[in-house]
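Source file query_0.cif; content: mmCIF, C-alpha atoms.
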data_run
loop_
_atom_site.label_atom_id
_atom_site.label_comp_id
_atom_site.auth_asym_id
_atom_site.auth_seq_id
_atom_site.Cartn_x
_atom_site.Cartn_y
_atom_site.Cartn_z
CA MET A 17 -90.18 -212.76 104.69
CA THR A 18 -87.63 -215.29 103.56
CA LYS A 19 -87.70 -218.44 101.58
CA LYS A 20 -85.29 -221.32 101.16
CA THR A 21 -83.94 -221.59 97.67
CA ALA A 22 -81.23 -223.33 95.72
CA ASP A 23 -81.28 -220.60 93.05
CA VAL A 24 -80.08 -217.31 94.55
CA THR A 25 -80.17 -213.99 92.72
CA TRP A 26 -77.90 -210.99 93.24
CA PRO A 27 -80.72 -208.87 94.80
CA GLN A 28 -81.44 -211.65 97.29
CA ALA A 29 -77.79 -212.08 98.27
CA ASN A 30 -77.36 -208.32 98.39
CA ALA A 31 -80.34 -207.88 100.70
CA ARG A 32 -79.15 -210.58 103.09
CA ARG A 33 -75.60 -209.23 103.24
CA LEU A 34 -76.81 -205.69 103.92
CA GLY A 35 -79.10 -206.90 106.69
CA ARG A 36 -76.55 -209.11 108.41
CA GLN A 37 -73.90 -206.38 108.38
CA GLY A 38 -76.11 -203.67 109.83
CA LEU A 39 -76.08 -201.66 106.60
CA ALA A 40 -79.80 -202.04 105.94
CA ALA A 41 -80.70 -200.88 109.46
CA PRO A 42 -77.79 -199.71 111.63
CA GLY A 43 -78.07 -200.91 115.20
CA SER A 44 -80.10 -203.98 114.24
CA PRO A 45 -80.76 -206.58 116.96
CA GLY A 46 -77.56 -208.40 117.69
CA LEU A 47 -75.42 -205.54 116.36
CA THR A 48 -75.47 -203.28 119.39
CA SER A 49 -71.76 -203.29 120.28
CA PRO A 50 -68.54 -202.66 118.33
CA ALA A 51 -67.45 -206.25 118.94
CA ALA A 52 -70.73 -207.64 117.58
CA VAL A 53 -70.45 -205.46 114.49
CA ALA A 54 -66.83 -206.48 113.87
CA ALA A 55 -67.87 -210.11 114.19
CA ALA A 56 -70.67 -209.67 111.63
CA MET A 57 -68.28 -207.98 109.19
CA LEU A 58 -65.60 -210.65 109.65
CA GLY A 59 -63.28 -207.88 110.84
CA ALA A 60 -62.97 -204.19 110.03
CA HIS A 61 -59.93 -203.25 107.95
CA ALA A 62 -57.84 -200.89 110.07
CA GLN A 63 -54.60 -200.21 108.22
CA VAL A 64 -56.02 -196.68 108.40
CA LEU A 65 -57.43 -196.89 111.92
CA SER A 66 -59.83 -193.97 111.48
CA ALA A 67 -61.46 -195.79 108.55
CA GLY A 68 -61.88 -198.94 110.60
CA GLU A 69 -63.45 -196.95 113.42
CA LEU A 70 -65.90 -195.37 110.99
CA SER A 71 -66.78 -198.73 109.38
CA VAL A 72 -67.84 -200.05 112.76
CA ALA A 73 -69.51 -196.87 114.08
CA LEU A 74 -71.74 -196.49 111.00
CA ARG A 75 -73.20 -199.97 111.56
CA LEU A 76 -74.14 -199.19 115.17
CA ALA A 77 -77.30 -197.37 116.20
CA PRO A 78 -77.52 -193.67 115.26
CA GLY A 79 -75.58 -191.61 117.77
CA ALA A 80 -72.62 -194.01 117.94
CA THR A 81 -69.22 -192.42 117.37
CA ARG A 82 -65.62 -193.40 116.82
CA ALA A 83 -65.16 -192.86 120.58
CA ASP A 84 -67.36 -195.92 121.20
CA VAL A 85 -65.09 -198.00 118.97
CA ARG A 86 -61.94 -196.65 120.65
CA HIS A 87 -63.41 -197.44 124.06
CA ALA A 88 -64.03 -201.04 122.97
CA LEU A 89 -60.50 -201.26 121.60
CA TRP A 90 -58.39 -199.65 124.30
CA THR A 91 -60.55 -199.67 127.47
CA ASP A 92 -63.01 -202.56 127.41
CA ARG A 93 -60.63 -204.57 125.19
CA THR A 94 -63.58 -206.26 123.50
CA LEU A 95 -61.86 -205.43 120.20
CA VAL A 96 -58.26 -206.09 119.29
CA LYS A 97 -56.16 -204.49 116.57
CA THR A 98 -54.07 -207.16 114.88
CA TYR A 99 -53.16 -208.72 111.56
CA GLY A 100 -56.13 -210.46 110.00
CA PRO A 101 -57.09 -211.76 106.54
CA ARG A 102 -54.52 -211.16 103.78
CA GLY A 103 -51.99 -210.17 106.44
CA THR A 104 -53.57 -206.72 106.74
CA VAL A 105 -54.41 -204.88 109.94
CA HIS A 106 -57.97 -205.44 111.19
CA LEU A 107 -60.15 -204.82 114.21
CA LEU A 108 -61.35 -208.22 115.40
CA PRO A 109 -63.53 -209.24 118.34
CA THR A 110 -61.33 -210.31 121.22
CA ALA A 111 -63.67 -213.21 121.98
CA ASP A 112 -63.15 -214.56 118.45
CA LEU A 113 -59.36 -214.33 118.52
CA PRO A 114 -58.79 -218.04 119.32
CA MET A 115 -60.72 -218.93 116.15
CA TRP A 116 -58.99 -216.29 114.04
CA THR A 117 -55.47 -217.19 115.15
CA GLY A 118 -56.18 -220.90 114.81
CA ALA A 119 -57.47 -220.47 111.27
CA LEU A 120 -54.93 -217.92 110.06
CA SER A 121 -51.97 -219.87 111.41
CA ALA A 122 -53.24 -222.95 109.55
CA VAL A 123 -53.26 -221.24 106.13
CA PRO A 124 -50.27 -222.40 104.05
CA ALA A 125 -47.66 -219.70 103.57
CA GLY A 126 -47.24 -218.39 100.07
CA LYS A 127 -43.95 -217.89 98.27
CA ASN A 128 -41.53 -215.89 100.41
CA PRO A 129 -41.13 -212.53 98.62
CA TRP A 130 -37.86 -211.56 100.28
CA PRO A 131 -34.55 -212.11 98.45
CA ASP A 132 -31.67 -214.30 99.54
CA GLY A 133 -29.79 -212.70 102.38
CA VAL A 134 -32.98 -211.12 103.71
CA ARG A 135 -35.56 -213.88 104.03
CA MET A 136 -35.79 -215.93 107.19
CA THR A 137 -35.85 -219.70 107.29
CA PRO A 138 -38.79 -221.56 108.87
CA GLU A 139 -36.56 -222.36 111.84
CA GLN A 140 -35.63 -218.69 112.28
CA THR A 141 -39.30 -217.76 112.02
CA ASP A 142 -40.19 -220.16 114.82
CA GLU A 143 -37.34 -218.79 116.92
CA VAL A 144 -38.44 -215.18 116.46
CA VAL A 145 -42.10 -215.94 117.16
CA ALA A 146 -41.08 -217.63 120.42
CA ALA A 147 -38.93 -214.60 121.28
CA VAL A 148 -41.82 -212.22 120.53
CA ARG A 149 -44.16 -214.25 122.73
CA ASP A 150 -41.68 -214.19 125.61
CA ALA A 151 -40.78 -210.49 125.22
CA LEU A 152 -44.42 -209.37 125.20
CA ALA A 153 -45.40 -211.35 128.29
CA GLY A 154 -45.06 -208.10 130.27
CA GLU A 155 -45.78 -204.52 129.28
CA PRO A 156 -46.37 -203.33 125.68
CA LEU A 157 -43.17 -202.55 123.78
CA THR A 158 -42.37 -200.14 120.96
CA VAL A 159 -40.83 -201.52 117.77
CA ASP A 160 -37.35 -200.51 118.90
CA GLU A 161 -37.85 -202.03 122.35
CA LEU A 162 -39.19 -205.23 120.87
CA THR A 163 -36.28 -205.39 118.43
CA GLU A 164 -33.82 -205.20 121.32
CA ALA A 165 -35.69 -207.90 123.21
CA ILE A 166 -35.76 -210.22 120.18
CA VAL A 167 -32.06 -209.75 119.47
CA ALA A 168 -31.26 -210.51 123.10
CA ARG A 169 -33.18 -213.79 122.81
CA THR A 170 -32.10 -214.89 119.32
CA GLY A 171 -28.96 -213.11 118.13
CA PRO A 172 -27.84 -210.08 116.09
CA TRP A 173 -29.09 -211.58 112.81
CA ALA A 174 -32.72 -210.90 113.78
CA GLY A 175 -32.04 -207.19 114.18
CA GLU A 176 -29.99 -206.62 111.03
CA ARG A 177 -31.53 -203.77 109.06
CA VAL A 178 -31.90 -205.51 105.71
CA MET A 179 -35.57 -204.95 104.76
CA GLU A 180 -36.30 -202.15 102.30
CA ALA A 181 -39.21 -200.17 103.71
CA PHE A 182 -40.39 -196.61 103.07
CA GLN A 183 -36.97 -195.19 102.14
CA ASP A 184 -35.55 -196.84 105.22
CA LYS A 185 -34.43 -200.30 106.28
CA TRP A 186 -36.23 -202.38 108.88
CA PRO A 187 -34.75 -205.14 111.05
CA ARG A 188 -34.97 -208.63 109.57
CA TRP A 189 -37.46 -209.95 112.14
CA ARG A 190 -40.22 -207.57 111.00
CA GLN A 191 -40.92 -209.63 107.90
CA ILE A 192 -42.78 -212.10 110.13
CA THR A 193 -44.77 -209.59 112.21
CA HIS A 194 -48.06 -210.79 110.74
CA THR A 195 -47.00 -214.42 111.25
CA ALA A 196 -46.41 -213.74 114.94
CA ALA A 197 -49.87 -212.17 115.14
CA HIS A 198 -51.49 -215.10 113.34
CA ARG A 199 -49.88 -217.47 115.83
CA GLY A 200 -51.27 -215.47 118.75
CA ALA A 201 -47.97 -214.00 119.93
CA LEU A 202 -48.52 -210.34 119.05
CA ALA A 203 -51.19 -207.65 118.67
CA PHE A 204 -51.14 -203.87 118.61
CA GLY A 205 -51.13 -201.97 121.88
CA PRO A 206 -52.11 -198.32 122.36
CA ASN A 207 -49.73 -195.84 120.76
CA ARG A 208 -47.11 -194.34 123.03
CA GLY A 209 -47.06 -190.80 121.70
CA ARG A 210 -46.32 -191.27 118.00
CA ASN A 211 -44.79 -194.70 118.54
CA VAL A 212 -46.66 -197.89 117.74
CA THR A 213 -46.57 -200.51 120.47
CA TYR A 214 -47.10 -204.25 120.43
CA THR A 215 -48.59 -206.33 123.19
CA SER A 216 -49.54 -209.91 123.93
CA PRO A 217 -53.14 -210.78 122.99
CA LYS A 218 -53.01 -213.50 125.65
CA VAL A 219 -54.71 -215.99 123.41
CA THR A 220 -54.35 -219.71 122.76
CA PRO A 221 -55.16 -220.47 119.10
CA MET A 222 -57.78 -223.09 118.36
CA ASP A 223 -56.73 -226.20 116.53
CA GLY A 224 -56.74 -225.31 112.84
CA ARG A 225 -58.88 -228.35 112.04
CA GLU A 226 -61.66 -226.78 114.11
CA ALA A 227 -60.94 -223.12 113.38
CA LEU A 228 -60.91 -223.28 109.58
CA PRO A 229 -64.42 -224.79 109.21
CA GLU A 230 -65.70 -222.20 111.68
CA LEU A 231 -64.15 -219.35 109.69
CA VAL A 232 -65.60 -220.67 106.42
CA HIS A 233 -69.01 -220.97 108.09
CA ARG A 234 -68.88 -217.37 109.33
CA TYR A 235 -67.64 -216.08 105.99
CA LEU A 236 -70.46 -217.79 104.11
CA ARG A 237 -73.03 -216.42 106.57
CA ALA A 238 -71.69 -212.91 106.04
CA TYR A 239 -70.92 -212.96 102.31
CA GLY A 240 -72.44 -216.09 100.83
CA PRO A 241 -73.25 -217.45 98.40
CA ALA A 242 -69.56 -217.55 97.52
CA THR A 243 -67.11 -219.71 95.64
CA PRO A 244 -63.82 -221.18 96.86
CA ALA A 245 -62.07 -218.59 94.67
CA ASP A 246 -63.96 -215.80 96.46
CA PHE A 247 -62.89 -217.12 99.85
CA ALA A 248 -59.29 -217.58 98.71
CA ARG A 249 -59.07 -213.96 97.53
CA TRP A 250 -60.65 -212.65 100.72
CA LEU A 251 -58.42 -214.71 103.00
CA GLY A 252 -55.24 -214.42 100.95
CA ALA A 253 -54.88 -218.21 100.73
CA PRO A 254 -53.71 -220.55 97.94
CA PRO A 255 -56.71 -221.27 95.65
CA ALA A 256 -55.93 -224.98 95.26
CA TRP A 257 -55.71 -225.42 99.03
CA VAL A 258 -59.03 -223.62 99.50
CA GLY A 259 -60.59 -225.83 96.82
CA ARG A 260 -59.63 -228.92 98.79
CA LEU A 261 -60.92 -227.35 102.01
CA PHE A 262 -64.34 -226.69 100.44
CA THR A 263 -64.42 -230.23 99.02
CA ASP A 264 -63.80 -231.67 102.47
CA LEU A 265 -66.41 -229.41 104.09
CA ALA A 266 -68.97 -230.38 101.44
CA ALA A 267 -68.24 -234.07 102.00
CA GLY A 268 -68.84 -233.54 105.70
CA ASP A 269 -72.14 -231.68 105.08
CA ARG A 270 -70.68 -228.49 106.57
CA ILE A 271 -71.52 -226.39 103.49
CA ALA A 272 -74.24 -226.65 100.83
CA GLU A 273 -74.14 -225.90 97.11
CA VAL A 274 -76.59 -223.47 95.53
CA THR A 275 -76.87 -221.74 92.17
CA PHE A 276 -75.95 -218.07 92.40
CA GLU A 277 -76.53 -215.92 89.34
CA GLY A 278 -76.51 -219.09 87.24
CA ALA A 279 -73.25 -220.52 88.58
CA PRO A 280 -72.38 -222.91 91.44
CA ALA A 281 -71.63 -221.32 94.81
CA TRP A 282 -71.80 -222.27 98.48
CA VAL A 283 -73.62 -221.34 101.65
CA ALA A 284 -73.23 -222.66 105.19
CA GLN A 285 -75.22 -225.82 105.82
CA GLY A 286 -78.71 -224.92 107.01
CA ASP A 287 -78.36 -221.29 105.93
CA ALA A 288 -80.05 -221.23 102.53
CA ALA A 289 -82.79 -218.74 103.49
CA PHE A 290 -82.72 -215.45 101.56
CA PRO A 291 -85.07 -212.44 101.46
CA ASP A 292 -87.73 -212.77 98.77
CA ARG A 293 -87.55 -209.11 97.83
CA GLU A 294 -84.90 -206.62 96.79
CA PRO A 295 -83.13 -204.57 99.49
CA ALA A 296 -84.88 -201.47 100.73
CA ARG A 297 -83.68 -198.36 99.00
CA GLY A 298 -81.03 -196.61 100.99
CA VAL A 299 -77.87 -194.53 100.75
CA ARG A 300 -74.74 -195.46 102.69
CA LEU A 301 -71.26 -193.93 102.78
CA LEU A 302 -68.56 -196.55 103.31
CA PRO A 303 -65.00 -195.52 104.22
CA TYR A 304 -61.71 -196.77 102.82
CA PHE A 305 -61.37 -200.57 102.66
CA ASP A 306 -64.80 -201.25 104.11
CA ALA A 307 -65.38 -204.99 104.47
CA TYR A 308 -68.58 -204.95 102.40
CA ALA A 309 -66.86 -203.38 99.39
CA ILE A 310 -63.93 -205.77 99.57
CA ALA A 311 -65.67 -209.08 100.29
CA CYS A 312 -68.93 -208.95 98.33
CA ARG A 313 -68.87 -210.68 94.97
CA PRO A 314 -69.43 -210.87 92.05
CA ARG A 315 -67.63 -207.56 91.86
CA ASP A 316 -69.18 -206.49 88.55
CA ARG A 317 -72.60 -206.53 90.25
CA LEU A 318 -71.37 -204.50 93.22
CA PHE A 319 -69.50 -202.03 90.98
CA PRO A 320 -71.79 -201.87 87.92
CA GLY A 321 -71.04 -199.98 84.72
CA ALA A 322 -69.06 -196.78 85.18
CA ALA A 323 -68.60 -197.49 88.90
CA HIS A 324 -66.13 -200.22 87.98
CA GLY A 325 -63.74 -197.74 86.40
CA ARG A 326 -64.27 -194.88 88.85
CA ALA A 327 -64.46 -196.61 92.22
CA LEU A 328 -61.88 -199.37 91.76
CA ALA A 329 -58.14 -198.72 91.56
CA GLY A 330 -56.74 -201.14 89.02
CA GLY A 331 -59.53 -203.55 89.92
CA GLN A 332 -58.78 -203.32 93.66
CA ALA A 333 -61.65 -202.41 95.97
CA GLY A 334 -61.22 -200.19 99.00
CA ASN A 335 -58.86 -197.54 97.70
CA TYR A 336 -61.79 -195.16 97.29
CA PRO A 337 -64.54 -194.63 99.86
CA VAL A 338 -67.77 -195.55 98.08
CA VAL A 339 -71.40 -194.48 98.06
CA LEU A 340 -73.92 -197.30 98.11
CA VAL A 341 -77.42 -196.86 96.76
CA ASP A 342 -79.62 -199.92 97.25
CA GLY A 343 -76.52 -201.93 98.06
CA VAL A 344 -74.50 -201.21 94.92
CA VAL A 345 -71.80 -198.62 94.30
CA ALA A 346 -73.17 -195.37 92.88
CA GLY A 347 -70.35 -192.95 93.62
CA VAL A 348 -67.16 -192.14 95.47
CA TRP A 349 -66.62 -189.68 98.28
CA HIS A 350 -63.94 -188.00 100.35
CA GLN A 351 -63.90 -186.25 103.70
CA ARG A 352 -61.58 -183.55 104.96
CA ARG A 353 -61.62 -182.42 108.57
CA SER A 354 -60.88 -178.96 109.94
CA GLY A 355 -61.62 -178.71 113.65
CA ARG A 356 -65.15 -179.96 114.10
CA ARG A 357 -66.03 -179.27 110.47
CA VAL A 358 -66.09 -182.38 108.28
CA ALA A 359 -66.25 -181.45 104.59
CA VAL A 360 -67.86 -184.38 102.73
CA THR A 361 -67.59 -184.36 98.93
CA VAL A 362 -69.64 -186.91 97.01
CA GLU A 363 -69.14 -187.65 93.32
CA PRO A 364 -72.10 -189.56 91.84
CA VAL A 365 -71.53 -192.28 89.27
CA GLY A 366 -74.52 -193.13 87.12
CA GLU A 367 -78.06 -191.94 87.81
CA ALA A 368 -78.94 -193.51 91.16
CA LEU A 369 -78.23 -190.33 93.14
CA GLU A 370 -80.25 -188.10 90.83
CA ARG A 371 -83.53 -188.93 92.56
CA ALA A 372 -84.64 -186.24 94.98
CA ALA A 373 -85.28 -188.84 97.66
CA ALA A 374 -81.75 -190.22 97.23
CA ARG A 375 -80.26 -186.72 97.57
CA ASP A 376 -82.23 -186.17 100.77
CA GLU A 377 -81.01 -189.46 102.16
CA LEU A 378 -77.45 -188.64 101.10
CA ALA A 379 -77.62 -185.45 103.14
CA ARG A 380 -78.80 -187.41 106.18
CA GLU A 381 -76.07 -189.98 105.68
CA ALA A 382 -73.42 -187.25 105.48
CA GLU A 383 -74.74 -185.86 108.77
CA ARG A 384 -74.42 -189.32 110.28
CA VAL A 385 -70.81 -189.58 109.11
CA GLY A 386 -70.04 -186.20 110.64
CA ALA A 387 -71.62 -187.24 113.93
CA ALA A 388 -69.76 -190.57 113.96
CA LEU A 389 -66.52 -188.59 113.53
CA GLU A 390 -67.57 -186.31 116.41
CA GLY A 391 -67.93 -183.34 114.10
CA ARG A 392 -70.38 -181.49 111.88
CA ALA A 393 -70.66 -182.49 108.23
CA GLU A 394 -70.92 -180.09 105.30
CA LEU A 395 -71.97 -181.89 102.12
CA THR A 396 -70.90 -180.96 98.60
CA VAL A 397 -71.95 -182.91 95.52
CA GLY A 398 -69.20 -182.54 92.96
CA THR A 399 -65.95 -184.04 91.73
CA VAL A 400 -63.64 -185.87 94.09
CA THR A 401 -60.23 -184.64 93.03
CA VAL A 402 -57.99 -186.69 95.31
CA GLY A 403 -56.50 -189.96 94.11
CA PRO A 404 -56.95 -193.43 95.58
CA HIS A 405 -56.11 -193.94 99.24
CA ALA A 406 -55.50 -190.20 99.70
#
Starting from the coordinates I provided, produce the structure as structure tokens.
Amino acid sequence: MTKKTADVTWPQANARRLGRQGLAAPGSPGLTSPAAVAAAMLGAHAQVLSAGELSVALRLAPGATRADVRHALWTDRTLVKTYGPRGTVHLLPTADLPMWTGALSAVPAGKNPWPDGVRMTPEQTDEVVAAVRDALAGEPLTVDELTEAIVARTGPWAGERVMEAFQDKWPRWRQITHTAAHRGALAFGPNRGRNVTYTSPKVTPMDGREALPELVHRYLRAYGPATPADFARWLGAPPAWVGRLFTDLAAGDRIAEVTFEGAPAWVAQGDAAFPDREPARGVRLLPYFDAYAIACRPRDRLFPGAAHGRALAGGQAGNYPVVLVDGVVAGVWHQRRSGRRVAVTVEPVGEALERAAARDELAREAERVGAALEGRAELTVGTVTVGPHA
């Protein structure tokens, strides 16, 4: 049962977020495909592609595997791998790409971090994006092939190796890779051996004036109640600009103010219904940079007590895979694969995993992780010795 309320508690928000993301009941109605799951999550972080695949697979019905996600990405093309919020690599629904590119390309650029002699001017950025769009009109290209094509269309300056990157130097144009993706000119193609390829997403971005309200609406449905500061952090956008955006949306009755844990926050207009009970008890294993761990706030309620120090890396969520019990972080975990064997080590934080029922459910969840990875899990409860993002 649900009730409409203007005073939302953490358990209510927690329960609604878990339900809408398929974490309360994987394979819930409406979440029966990888694209539908990625839409509900507002994208699956895929800088580490295997983690993104697992994030999506674990929200599908039991029996789903990473192969289902790969099929959606590379065969059905209902998912696309591209640069999403915060300029990081995500899996996004192909059908939603016009909205995403329209919104992301409308976000004001922050301060250019590159030094004089390296950074590109706005005019050079426009020129390179146009060259990328033209070069990728045909077959997917590797980075080296795309570099040659860009230089041929712009000039040698675009290919000068001036960017410090991983004990190497990258060509100048690569500083705007995510910008090209946000403008709909570039997405990732299937790897060619060990080489990354880029391809055209064949998308026309929506007008930003339409796309931004739609993105805010979807974000608030997935993670609301939320503040403008929450949205700015999640999107990687200037806080003052987001504040004005929320003010305009409120004036147009697109969003509604509620009280969340005693402070003002926002939900999408007409979406103020929340469960009237706490979330069902359940154990979930979330991989690196899972959307739920990154986007849900307030963070001190998601990472309570000792979990704040153990499961966050310098306050940043996602660097450790986390164990959820009843929708809050109660441990960290790590998996190591050898053939079909998937060794899952879980380190509890606090007392939530001490219950016998929780340990039984943890064992079942580990089995589900192993199956999603197309292997067989072996669970150990002990200390996770690897560092963040290992």
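Comparing A:Gly321, A:Gly391, A:Pro109, A:Pro206 by their smallest distance to Ser354 of chain A, the closest is A:Gly391 (using only C-alpha atoms).
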Could you tell me which residues the PyMOL selection byres ((chain A and resi 42-57) around 10) grabs in this file, written as a PyMOL selection string? chain A and resi 33-41+58-61+68-69+71-80+82+84-89+93-96+106-112+234-235+237-239+306-308+311
Would you work out the distance separating atom CA of Leu302 of chain A from atom CA of Leu70 of chain A, expressed in Å to one decimal?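 Going from atom CA of Leu302 of chain A over to atom CA of Leu70 of chain A, I get 8.2 Å.
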Spatial neighbours of Pro244 of chain A, 12 Å, only C-alpha atoms, chain gap at least 2 places, as a PyMOL selection string: chain A and resi 232+235-236+240-242+246-266+271+273+280-283+313
Taking all atoms listed in the file into account, which of A:Arg375, A:Arg149, A:Arg135, A:Arg392 comes nearest Val360 of chain A?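 Between A:Arg375, A:Arg149, A:Arg135, A:Arg392, the residue approaching Val360 of chain A most closely is A:Arg392.
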Spatial neighbours of Ala196 of chain A, 10 Å, all atoms listed in the file, chain gap at least 2 places, as a PyMOL selection string: chain A and resi 99+117+121+141-142+144-149+190-194+198-203
On this structure, which residues satisfy the PyMOL selection byres ((chain A and resi 31) around 10), written as a PyMOL selection string? chain A and resi 26-30+32-36+39-40+290-296+342-343
Can you write out the residues you just picked, keeping C-alpha atoms, as an mmCIF file, keeping the file's coordinate frame?
data_model
loop_
_atom_site.group_PDB
_atom_site.id
_atom_site.type_symbol
_atom_site.label_atom_id
_atom_site.label_comp_id
_atom_site.auth_asym_id
_atom_site.auth_seq_id
_atom_site.Cartn_x
_atom_site.Cartn_y
_atom_site.Cartn_z
ATOM 1 C CA TRP A 26 -77.900 -210.990 93.240
ATOM 2 C CA PRO A 27 -80.720 -208.870 94.800
ATOM 3 C CA GLN A 28 -81.440 -211.650 97.290
ATOM 4 C CA ALA A 29 -77.790 -212.080 98.270
ATOM 5 C CA ASN A 30 -77.360 -208.320 98.390
ATOM 6 C CA ARG A 32 -79.150 -210.580 103.090
ATOM 7 C CA ARG A 33 -75.600 -209.230 103.240
ATOM 8 C CA LEU A 34 -76.810 -205.690 103.920
ATOM 9 C CA GLY A 35 -79.100 -206.900 106.690
ATOM 10 C CA ARG A 36 -76.550 -209.110 108.410
ATOM 11 C CA LEU A 39 -76.080 -201.660 106.600
ATOM 12 C CA ALA A 40 -79.800 -202.040 105.940
ATOM 13 C CA PHE A 290 -82.720 -215.450 101.560
ATOM 14 C CA PRO A 291 -85.070 -212.440 101.460
ATOM 15 C CA ASP A 292 -87.730 -212.770 98.770
ATOM 16 C CA ARG A 293 -87.550 -209.110 97.830
ATOM 17 C CA GLU A 294 -84.900 -206.620 96.790
ATOM 18 C CA PRO A 295 -83.130 -204.570 99.490
ATOM 19 C CA ALA A 296 -84.880 -201.470 100.730
ATOM 20 C CA ASP A 342 -79.620 -199.920 97.250
ATOM 21 C CA GLY A 343 -76.520 -201.930 98.060
#
Looking at A:Thr163, A:Thr195, A:Thr401, A:Thr396, which one is nearest to Gly103 of chain A, with distances taken over all atoms listed in the file? A:Thr195
Just give me the gap between atom CA of Pro364 of chain A and atom CA of Ala346 of chain A in Å, one decimal is fine.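 Interatomic distance here is 6.0 Å.
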